[in-house]
$ cat run00.pdb   # PDB, C-alpha atoms and all ligand atoms
ATOM      1  CA  MET I   1       1.509   0.426 -34.647
ATOM      2  CA  ASN I   2      -0.229   2.449 -31.962
ATOM      3  CA  VAL I   3      -0.632   2.495 -28.221
ATOM      4  CA  VAL I   4      -3.619   2.659 -25.886
ATOM      5  CA  ASN I   5      -3.347   3.376 -22.178
ATOM      6  CA  ILE I   6      -5.721   0.945 -20.462
ATOM      7  CA  GLY I   7      -4.487   1.999 -17.024
ATOM      8  CA  TYR I   8      -6.514   2.146 -13.827
ATOM      9  CA  GLY I   9      -5.857   3.022 -10.190
ATOM     10  CA  SER I  10      -3.192   5.667 -10.993
ATOM     11  CA  THR I  11      -0.909   3.316 -12.922
ATOM     12  CA  ASN I  12      -0.626   3.227 -16.708
ATOM     13  CA  TYR I  13      -0.930  -0.086 -18.501
ATOM     14  CA  TYR I  14      -0.194   0.086 -22.173
ATOM     15  CA  ALA I  15      -1.570  -2.027 -24.973
ATOM     16  CA  VAL I  16       0.644  -1.718 -28.030
ATOM     17  CA  ASN I  17      -1.227  -2.687 -31.152
ATOM     18  CA  HIS I  18       0.615  -4.188 -34.082
ATOM     19  CA  GLN I  19      -1.034  -6.038 -36.959
ATOM     20  CA  LYS I  20      -4.166  -6.951 -35.001
ATOM     21  CA  THR I  21      -2.235  -8.298 -32.015
ATOM     22  CA  TYR I  22      -1.310  -6.605 -28.780
ATOM     23  CA  LEU I  23       1.668  -6.428 -26.512
ATOM     24  CA  LEU I  24       0.765  -5.423 -22.961
ATOM     25  CA  ILE I  25       3.248  -3.388 -20.971
ATOM     26  CA  ASP I  26       2.607  -3.716 -17.235
ATOM     27  CA  VAL I  27      -0.490  -5.074 -15.498
ATOM     28  CA  GLY I  28      -2.234  -4.239 -12.254
ATOM     29  CA  LEU I  29      -2.174  -5.039  -8.562
ATOM     30  CA  PRO I  30      -3.018  -8.513  -7.298
ATOM     31  CA  GLY I  31      -6.785  -8.914  -7.257
ATOM     32  CA  THR I  32      -7.491  -6.475 -10.104
ATOM     33  CA  PHE I  33      -7.870  -8.934 -12.960
ATOM     34  CA  GLY I  34     -11.567  -8.089 -13.290
ATOM     35  CA  MET I  35     -10.734  -4.399 -13.561
ATOM     36  CA  MET I  36      -8.261  -5.084 -16.312
ATOM     37  CA  LYS I  37     -10.809  -7.127 -18.232
ATOM     38  CA  ASN I  38     -13.291  -4.248 -17.934
ATOM     39  CA  GLN I  39     -10.720  -1.811 -19.256
ATOM     40  CA  LEU I  40      -9.923  -4.052 -22.215
ATOM     41  CA  GLN I  41     -13.596  -4.311 -23.009
ATOM     42  CA  LYS I  42     -13.985  -0.550 -22.748
ATOM     43  CA  TYR I  43     -11.233  -0.062 -25.337
ATOM     44  CA  GLY I  44     -12.528  -2.836 -27.593
ATOM     45  CA  ILE I  45      -9.530  -5.106 -27.067
ATOM     46  CA  HIS I  46     -10.191  -8.836 -27.109
ATOM     47  CA  PHE I  47      -8.137 -10.963 -24.777
ATOM     48  CA  LYS I  48      -7.443 -13.482 -27.527
ATOM     49  CA  ASP I  49      -5.643 -10.752 -29.487
ATOM     50  CA  ILE I  50      -3.132 -10.117 -26.701
ATOM     51  CA  GLN I  51      -0.064 -12.111 -27.502
ATOM     52  CA  TYR I  52       2.602 -10.868 -25.128
ATOM     53  CA  LEU I  53       3.188  -9.181 -21.798
ATOM     54  CA  ILE I  54       6.280  -7.382 -20.580
ATOM     55  CA  VAL I  55       6.516  -5.770 -17.143
ATOM     56  CA  THR I  56       8.876  -2.871 -16.516
ATOM     57  CA  HIS I  57       9.691  -4.067 -12.991
ATOM     58  CA  PHE I  58       8.444  -6.351 -10.251
ATOM     59  CA  HIS I  59       6.354  -4.009  -8.151
ATOM     60  CA  PRO I  60       2.804  -5.143  -7.360
ATOM     61  CA  ASP I  61       1.137  -2.380  -9.376
ATOM     62  CA  HIS I  62       3.123  -3.433 -12.450
ATOM     63  CA  CYS I  63       3.149  -7.228 -12.292
ATOM     64  CA  GLY I  64       0.505  -8.225  -9.709
ATOM     65  CA  ILE I  65      -1.729 -10.139 -12.116
ATOM     66  CA  ALA I  66       0.912 -11.222 -14.625
ATOM     67  CA  GLN I  67       0.403 -14.919 -13.997
ATOM     68  CA  GLU I  68      -3.375 -14.682 -14.364
ATOM     69  CA  VAL I  69      -2.834 -12.933 -17.676
ATOM     70  CA  GLN I  70      -0.446 -15.709 -18.706
ATOM     71  CA  SER I  71      -2.945 -18.359 -17.712
ATOM     72  CA  LEU I  72      -5.221 -17.052 -20.475
ATOM     73  CA  GLY I  73      -2.614 -17.727 -23.138
ATOM     74  CA  VAL I  74      -0.574 -14.516 -23.072
ATOM     75  CA  GLU I  75       3.162 -15.129 -23.025
ATOM     76  CA  MET I  76       5.181 -13.098 -20.563
ATOM     77  CA  ILE I  77       8.596 -12.080 -21.847
ATOM     78  CA  ILE I  78      11.283 -10.979 -19.403
ATOM     79  CA  SER I  79      14.773  -9.643 -19.843
ATOM     80  CA  ARG I  80      17.884 -11.536 -18.798
ATOM     81  CA  THR I  81      18.435  -9.077 -15.941
ATOM     82  CA  GLN I  82      14.869  -9.389 -14.688
ATOM     83  CA  LEU I  83      15.263 -13.150 -14.490
ATOM     84  CA  ASP I  84      17.785 -12.652 -11.669
ATOM     85  CA  PHE I  85      15.102 -10.846  -9.650
ATOM     86  CA  LEU I  86      12.127 -13.083 -10.348
ATOM     87  CA  GLU I  87      12.510 -15.411  -7.379
ATOM     88  CA  THR I  88      12.864 -12.531  -4.914
ATOM     89  CA  ALA I  89       9.867 -10.826  -6.503
ATOM     90  CA  ASN I  90       7.681 -13.917  -6.165
ATOM     91  CA  GLU I  91       8.803 -14.271  -2.578
ATOM     92  CA  SER I  92       8.094 -10.661  -1.628
ATOM     93  CA  MET I  93       4.696 -10.686  -3.330
ATOM     94  CA  LYS I  94       3.490 -13.631  -1.208
ATOM     95  CA  LYS I  95       2.062 -11.129   1.268
ATOM     96  CA  TYR I  96      -0.773 -10.497  -1.190
ATOM     97  CA  SER I  97      -3.163 -13.379  -0.642
ATOM     98  CA  ASN I  98      -4.393 -13.279  -4.234
ATOM     99  CA  TYR I  99      -0.969 -13.068  -5.863
ATOM    100  CA  LYS I 100      -0.162 -15.909  -8.245
ATOM    101  CA  LYS I 101       3.499 -16.826  -8.549
ATOM    102  CA  ILE I 102       4.943 -15.785 -11.923
ATOM    103  CA  ASN I 103       6.408 -18.601 -13.992
ATOM    104  CA  ILE I 104       8.474 -17.859 -17.064
ATOM    105  CA  ASP I 105       8.993 -20.228 -19.942
ATOM    106  CA  SER I 106      12.741 -20.386 -20.652
ATOM    107  CA  LYS I 107      12.107 -19.516 -24.294
ATOM    108  CA  ASN I 108      10.633 -16.209 -23.158
ATOM    109  CA  ILE I 109      13.830 -14.702 -21.808
ATOM    110  CA  LEU I 110      15.317 -12.034 -24.075
ATOM    111  CA  ASN I 111      18.635 -10.284 -23.680
ATOM    112  CA  GLU I 112      18.657  -6.549 -23.249
ATOM    113  CA  ASN I 113      19.728  -4.625 -26.359
ATOM    114  CA  ASP I 114      19.032  -7.642 -28.577
ATOM    115  CA  LYS I 115      17.216  -6.084 -31.518
ATOM    116  CA  ASN I 116      17.089  -9.227 -33.620
ATOM    117  CA  SER I 117      15.350 -11.366 -31.003
ATOM    118  CA  PHE I 118      12.984  -8.531 -30.204
ATOM    119  CA  TYR I 119      11.970  -8.189 -33.830
ATOM    120  CA  GLU I 120      11.635 -11.944 -34.277
ATOM    121  CA  ARG I 121       9.381 -12.135 -31.268
ATOM    122  CA  PHE I 122       7.225  -9.038 -31.538
ATOM    123  CA  GLY I 123       7.452  -8.219 -35.241
ATOM    124  CA  MET I 124       8.287  -4.645 -34.275
ATOM    125  CA  PRO I 125      11.681  -2.950 -34.308
ATOM    126  CA  GLY I 126      12.840  -2.360 -30.765
ATOM    127  CA  TYR I 127      14.702  -3.703 -27.775
ATOM    128  CA  MET I 128      14.759  -3.789 -24.010
ATOM    129  CA  LEU I 129      17.116  -1.614 -22.006
ATOM    130  CA  HIS I 130      18.244  -2.211 -18.435
ATOM    131  CA  THR I 131      17.402   1.124 -16.780
ATOM    132  CA  PRO I 132      17.905   0.864 -13.002
ATOM    133  CA  GLY I 133      17.248   3.844 -10.755
ATOM    134  CA  HIS I 134      13.760   3.175  -9.404
ATOM    135  CA  THR I 135      14.637  -0.466  -8.766
ATOM    136  CA  ASP I 136      17.543  -2.589  -9.978
ATOM    137  CA  ASP I 137      15.206  -4.883 -11.917
ATOM    138  CA  SER I 138      13.732  -2.008 -13.938
ATOM    139  CA  ILE I 139      13.822  -2.115 -17.693
ATOM    140  CA  SER I 140      12.577   0.204 -20.399
ATOM    141  CA  ILE I 141      11.051  -1.005 -23.634
ATOM    142  CA  VAL I 142      12.066   0.835 -26.758
ATOM    143  CA  ILE I 143       9.791   0.555 -29.773
ATOM    144  CA  LYS I 144      11.228   2.328 -32.779
ATOM    145  CA  GLY I 145       8.983   5.021 -34.146
ATOM    146  CA  LEU I 146       6.616   4.778 -31.181
ATOM    147  CA  GLY I 147       8.572   5.635 -28.048
ATOM    148  CA  ILE I 148       9.982   4.299 -24.800
ATOM    149  CA  PHE I 149       8.119   2.722 -21.911
ATOM    150  CA  THR I 150      10.110   3.713 -18.857
ATOM    151  CA  GLY I 151       8.090   2.258 -15.974
ATOM    152  CA  ASP I 152       8.786   4.110 -12.742
ATOM    153  CA  LEU I 153      12.197   5.492 -13.626
ATOM    154  CA  PRO I 154      12.142   8.868 -11.876
ATOM    155  CA  LEU I 155      13.039  12.000 -13.759
ATOM    156  CA  VAL I 156      16.518  13.287 -13.026
ATOM    157  CA  ASN I 157      15.224  15.971 -10.677
ATOM    158  CA  GLN I 158      12.915  13.546  -8.855
ATOM    159  CA  THR I 159      15.172  10.895  -7.438
ATOM    160  CA  TYR I 160      13.444   9.687  -4.300
ATOM    161  CA  PHE I 161      14.338   6.068  -4.649
ATOM    162  CA  ALA I 162      17.943   5.463  -5.497
ATOM    163  CA  SER I 163      21.210   7.093  -6.336
ATOM    164  CA  SER I 164      20.788   9.806  -8.891
ATOM    165  CA  LYS I 165      23.788   8.412 -10.728
ATOM    166  CA  LYS I 166      21.844   5.316 -11.737
ATOM    167  CA  VAL I 167      18.924   7.468 -12.760
ATOM    168  CA  GLU I 168      21.131   9.746 -14.805
ATOM    169  CA  GLU I 169      22.852   6.851 -16.512
ATOM    170  CA  SER I 170      19.514   5.294 -17.353
ATOM    171  CA  TRP I 171      18.237   8.534 -18.886
ATOM    172  CA  ALA I 172      21.480   8.824 -20.827
ATOM    173  CA  GLN I 173      20.781   5.427 -22.345
ATOM    174  CA  ILE I 174      17.246   6.505 -23.136
ATOM    175  CA  ARG I 175      18.481   9.689 -24.770
ATOM    176  CA  ASN I 176      20.821   7.621 -26.938
ATOM    177  CA  THR I 177      17.931   5.747 -28.467
ATOM    178  CA  ASN I 178      16.856   8.930 -30.308
ATOM    179  CA  GLU I 179      13.235   8.107 -29.588
ATOM    180  CA  LYS I 180      11.291  11.143 -28.455
ATOM    181  CA  ARG I 181       8.117   9.942 -26.787
ATOM    182  CA  ILE I 182       8.152   8.696 -23.187
ATOM    183  CA  PHE I 183       5.373   6.513 -21.804
ATOM    184  CA  PRO I 184       5.846   6.437 -18.010
ATOM    185  CA  GLY I 185       4.242   4.078 -15.522
ATOM    186  CA  HIS I 186       2.398   6.954 -13.874
ATOM    187  CA  GLY I 187       1.263  10.281 -15.284
ATOM    188  CA  ASN I 188       0.975  11.499 -18.837
ATOM    189  CA  SER I 189       3.225  10.598 -21.722
ATOM    190  CA  PHE I 190       5.562  13.352 -22.793
ATOM    191  CA  THR I 191       8.030  14.311 -25.454
ATOM    192  CA  PHE I 192      11.611  14.027 -24.399
TER     193      PHE I 192
HETATM  194 ZN    ZN W 201       7.581   0.769  -8.919
END

$ encode --input "run00.pdb" --output "structure tokens" --more "lines below"
Ligand SMILES: [Zn+2]
Amino acid sequence: MNVVNIGYGSTNYYAVNHQKTYLLIDVGLPGTFGMMKNQLQKYGIHFKDIQYLIVTHFHPDHCGIAQEVQSLGVEMIISRTQLDFLETANESMKKYSNYKKINIDSKNILNENDKNSFYERFGMPGYMLHTPGHTDDSISIVIKGLGIFTGDLPLVNQTYFASSKKVEESWAQIRNTNEKRIFPGHGNSFTF
């Protein structure tokens, strides 16, 4: 199990490698599919080896090309909480002319904190956590022994977006996982 940051345009996109397959965490802005393909090529990742995609939240720089990625055979998995926000997200993203509406197969909805389903699906020990604070649809992805993908959850002293209480509660949940490495949506990874 290892992780490669294939990010571009100031956002990190992570490719988690496990037994020759990849899980992508977040994908780029609408219209950047070609850039993503270039990045994959640069890191020697074949599209056919990418099995799954999870997005941390429905902002354009994290989910803008999710449907195009799905159309090439990658399955997008969302959390139960994110499902409640999907329609609004598709609606608000219409302003991007090249945005393709995200469709989710009902079998690809996982409950937060459900370790068994996560393992069954990805073959890796982990789970999704609902971690609002940047947006209410934000999740973090915990992968045991690797770290936590926190999307745009601001640090406790950096709460521009929402009540610091939500942010603090989300970090408390993250702390409880006992994982030490944080992979944020922007900037360098760090030890927690
Ligand atoms: Zn965001």

$ residues_near_ligand --input "run00.pdb" --ligand "ligand ZN 201 (chain W)" --cutoff "9 Å" --atoms "all atoms listed in the file" --output "PyMOL selection string"
chain I and resi 56-62+134-135+138+151-153+185

$ resolve_selection --input "run00.pdb" --expression "the PyMOL selection byres (((chain I and resi 63) around 10) and not hetatm)" --output "PyMOL selection string"
chain I and resi 25-30+53-62+64-67+69+89+93+99+102

$ residues_near_point --input "run00.pdb" --point "(13.0, -13.0, -14.1)" --cutoff "9 Å" --atoms "only C-alpha atoms" --output "list in words"
Phe58, Ile77, Ile78, Ser79, Arg80, Thr81, Gln82, Leu83, Asp84, Phe85, Leu86, Glu87, Ala89, Ile102, Asn103, Ile104, Ile109 and Asp137 of chain I

$ atom_distance --input "run00.pdb" --atom1 "CA of Val16 in chain I" --atom2 "CA of His46 in chain I"
13.0 Å

$ residues_near_point --input "run00.pdb" --point "(-5.6, -13.8, -23.0)" --cutoff "12 Å" --atoms "only C-alpha atoms" --output "short mmCIF file (atom, residue, chain, number, x, y, z; two decimals) with C-alpha atoms, in the frame of the given file"
data_model
loop_
_atom_site.label_atom_id
_atom_site.label_comp_id
_atom_site.auth_asym_id
_atom_site.auth_seq_id
_atom_site.Cartn_x
_atom_site.Cartn_y
_atom_site.Cartn_z
CA THR I 21 -2.24 -8.30 -32.02
CA TYR I 22 -1.31 -6.60 -28.78
CA LEU I 23 1.67 -6.43 -26.51
CA LEU I 24 0.76 -5.42 -22.96
CA PHE I 33 -7.87 -8.93 -12.96
CA MET I 36 -8.26 -5.08 -16.31
CA LYS I 37 -10.81 -7.13 -18.23
CA LEU I 40 -9.92 -4.05 -22.22
CA ILE I 45 -9.53 -5.11 -27.07
CA HIS I 46 -10.19 -8.84 -27.11
CA PHE I 47 -8.14 -10.96 -24.78
CA LYS I 48 -7.44 -13.48 -27.53
CA ASP I 49 -5.64 -10.75 -29.49
CA ILE I 50 -3.13 -10.12 -26.70
CA GLN I 51 -0.06 -12.11 -27.50
CA TYR I 52 2.60 -10.87 -25.13
CA LEU I 53 3.19 -9.18 -21.80
CA ALA I 66 0.91 -11.22 -14.62
CA GLN I 67 0.40 -14.92 -14.00
CA GLU I 68 -3.38 -14.68 -14.36
CA VAL I 69 -2.83 -12.93 -17.68
CA GLN I 70 -0.45 -15.71 -18.71
CA SER I 71 -2.94 -18.36 -17.71
CA LEU I 72 -5.22 -17.05 -20.48
CA GLY I 73 -2.61 -17.73 -23.14
CA VAL I 74 -0.57 -14.52 -23.07
CA GLU I 75 3.16 -15.13 -23.02
CA MET I 76 5.18 -13.10 -20.56
#

$ residues_around --input "run00.pdb" --residues "range 173-184 of chain I" --least-positions-apart "2" --cutoff "7 Å" --atoms "only C-alpha atoms" --output "PDB file with C-alpha atoms, keeping the file's coordinate frame"
ATOM      1  CA  LYS I 144      11.228   2.328 -32.779  1.00  0.00           C
ATOM      2  CA  GLY I 145       8.983   5.021 -34.146  1.00  0.00           C
ATOM      3  CA  LEU I 146       6.616   4.778 -31.181  1.00  0.00           C
ATOM      4  CA  GLY I 147       8.572   5.635 -28.048  1.00  0.00           C
ATOM      5  CA  ILE I 148       9.982   4.299 -24.800  1.00  0.00           C
ATOM      6  CA  PHE I 149       8.119   2.722 -21.911  1.00  0.00           C
ATOM      7  CA  THR I 150      10.110   3.713 -18.857  1.00  0.00           C
ATOM      8  CA  GLY I 151       8.090   2.258 -15.974  1.00  0.00           C
ATOM      9  CA  ASP I 152       8.786   4.110 -12.742  1.00  0.00           C
ATOM     10  CA  GLU I 169      22.852   6.851 -16.512  1.00  0.00           C
ATOM     11  CA  SER I 170      19.514   5.294 -17.353  1.00  0.00           C
ATOM     12  CA  TRP I 171      18.237   8.534 -18.886  1.00  0.00           C
ATOM     13  CA  HIS I 186       2.398   6.954 -13.874  1.00  0.00           C
ATOM     14  CA  GLY I 187       1.263  10.281 -15.284  1.00  0.00           C
ATOM     15  CA  SER I 189       3.225  10.598 -21.722  1.00  0.00           C
ATOM     16  CA  PHE I 190       5.562  13.352 -22.793  1.00  0.00           C
ATOM     17  CA  THR I 191       8.030  14.311 -25.454  1.00  0.00           C
ATOM     18  CA  PHE I 192      11.611  14.027 -24.399  1.00  0.00           C
TER      19      PHE I 192
END

$ resolve_selection --input "run00.pdb" --expression "the PyMOL selection byres (((chain I and resi 113) around 12) and not hetatm)" --output "compact mmCIF listing (two decimals) with C-alpha atoms, in the coordinates of the input"
# COMPACT_ATOMS: atom_id res chain seq x y z
CA SER I 79 14.77 -9.64 -19.84
CA ARG I 80 17.88 -11.54 -18.80
CA THR I 81 18.43 -9.08 -15.94
CA LEU I 110 15.32 -12.03 -24.08
CA ASN I 111 18.64 -10.28 -23.68
CA GLU I 112 18.66 -6.55 -23.25
CA ASP I 114 19.03 -7.64 -28.58
CA LYS I 115 17.22 -6.08 -31.52
CA ASN I 116 17.09 -9.23 -33.62
CA SER I 117 15.35 -11.37 -31.00
CA PHE I 118 12.98 -8.53 -30.20
CA TYR I 119 11.97 -8.19 -33.83
CA PRO I 125 11.68 -2.95 -34.31
CA GLY I 126 12.84 -2.36 -30.76
CA TYR I 127 14.70 -3.70 -27.78
CA MET I 128 14.76 -3.79 -24.01
CA LEU I 129 17.12 -1.61 -22.01
CA HIS I 130 18.24 -2.21 -18.43
CA THR I 131 17.40 1.12 -16.78
CA ILE I 139 13.82 -2.12 -17.69
CA SER I 140 12.58 0.20 -20.40
CA ILE I 141 11.05 -1.00 -23.63
CA VAL I 142 12.07 0.84 -26.76
CA ILE I 143 9.79 0.56 -29.77
CA GLN I 173 20.78 5.43 -22.34
CA ILE I 174 17.25 6.50 -23.14
CA THR I 177 17.93 5.75 -28.47

$ atom_distance --input "run00.pdb" --atom1 "CA of Asn17 in chain I" --atom2 "CA of Gly31 in chain I"
25.3 Å

$ atom_distance --input "run00.pdb" --atom1 "CA of Tyr13 in chain I" --atom2 "CA of Ser97 in chain I"
22.4 Å

$ closest_residue --input "run00.pdb" --among "I:Ala172, I:Val167, I:Val156, I:Met1" --to "Lys20 in chain I" --atoms "all atoms listed in the file"
I:Met1

$ closest_residue --input "run00.pdb" --among "I:Ser106, I:Ser164, I:Asn157, I:Gln19" --to "Pro132 in chain I" --atoms "all atoms listed in the file"
I:Ser164

$ decode --input "run00.pdb" --residues "range 112-184 of chain I" --atoms "C-alpha atoms" --output "tab-separated table (two decimals), in the first residue's frame"
chain	number	residue	atom	x	y	z
I	112	GLU	CA	-19.53	6.23	7.25
I	113	ASN	CA	-17.60	4.30	9.90
I	114	ASP	CA	-18.45	0.98	8.24
I	115	LYS	CA	-15.12	-0.85	8.33
I	116	ASN	CA	-16.45	-4.14	7.03
I	117	SER	CA	-17.94	-2.72	3.83
I	118	PHE	CA	-14.85	-0.62	3.28
I	119	TYR	CA	-12.60	-3.64	3.53
I	120	GLU	CA	-14.87	-5.74	1.32
I	121	ARG	CA	-14.84	-3.05	-1.32
I	122	PHE	CA	-11.27	-1.79	-1.30
I	123	GLY	CA	-9.39	-4.72	0.22
I	124	MET	CA	-7.74	-2.27	2.60
I	125	PRO	CA	-8.55	-1.67	6.26
I	126	GLY	CA	-10.20	1.70	6.66
I	127	TYR	CA	-13.41	3.67	6.70
I	128	MET	CA	-14.97	6.98	5.80
I	129	LEU	CA	-15.62	9.65	8.39
I	130	HIS	CA	-18.10	12.51	8.12
I	131	THR	CA	-15.89	15.53	8.85
I	132	PRO	CA	-17.85	18.75	8.21
I	133	GLY	CA	-16.23	22.14	8.76
I	134	HIS	CA	-15.16	23.18	5.27
I	135	THR	CA	-18.49	22.05	3.84
I	136	ASP	CA	-21.24	19.88	5.31
I	137	ASP	CA	-20.72	17.21	2.65
I	138	SER	CA	-17.03	16.79	3.52
I	139	ILE	CA	-15.70	13.40	4.43
I	140	SER	CA	-12.27	12.10	5.35
I	141	ILE	CA	-10.96	8.74	4.24
I	142	VAL	CA	-9.05	6.75	6.81
I	143	ILE	CA	-6.72	4.04	5.55
I	144	LYS	CA	-5.15	2.12	8.40
I	145	GLY	CA	-1.39	2.22	8.39
I	146	LEU	CA	-1.31	4.85	5.64
I	147	GLY	CA	-3.09	7.94	6.92
I	148	ILE	CA	-6.13	10.16	6.55
I	149	PHE	CA	-7.26	12.09	3.50
I	150	THR	CA	-8.93	15.17	4.90
I	151	GLY	CA	-9.88	17.16	1.79
I	152	ASP	CA	-10.25	20.85	2.58
I	153	LEU	CA	-10.96	20.55	6.29
I	154	PRO	CA	-9.23	23.64	7.66
I	155	LEU	CA	-6.82	23.36	10.54
I	156	VAL	CA	-8.26	24.45	13.86
I	157	ASN	CA	-6.52	27.82	13.71
I	158	GLN	CA	-7.56	28.43	10.10
I	159	THR	CA	-11.32	28.39	10.13
I	160	TYR	CA	-12.37	30.70	7.33
I	161	PHE	CA	-15.32	28.70	6.16
I	162	ALA	CA	-17.55	27.52	8.93
I	163	SER	CA	-18.01	27.38	12.65
I	164	SER	CA	-14.86	26.36	14.40
I	165	LYS	CA	-16.90	23.97	16.50
I	166	LYS	CA	-17.54	21.74	13.49
I	167	VAL	CA	-13.89	21.93	12.56
I	168	GLU	CA	-12.80	21.06	16.07
I	169	GLU	CA	-15.20	18.15	16.29
I	170	SER	CA	-13.99	16.84	12.96
I	171	TRP	CA	-10.35	17.00	14.06
I	172	ALA	CA	-11.31	15.27	17.30
I	173	GLN	CA	-12.70	12.40	15.25
I	174	ILE	CA	-9.54	12.34	13.19
I	175	ARG	CA	-7.39	12.29	16.30
I	176	ASN	CA	-9.39	9.32	17.58
I	177	THR	CA	-8.40	7.23	14.61
I	178	ASN	CA	-4.80	7.09	15.92
I	179	GLU	CA	-3.52	7.50	12.39
I	180	LYS	CA	-0.66	9.98	12.20
I	181	ARG	CA	-0.28	11.05	8.60
I	182	ILE	CA	-2.58	13.68	7.08
I	183	PHE	CA	-3.00	14.03	3.33
I	184	PRO	CA	-4.82	17.35	2.75
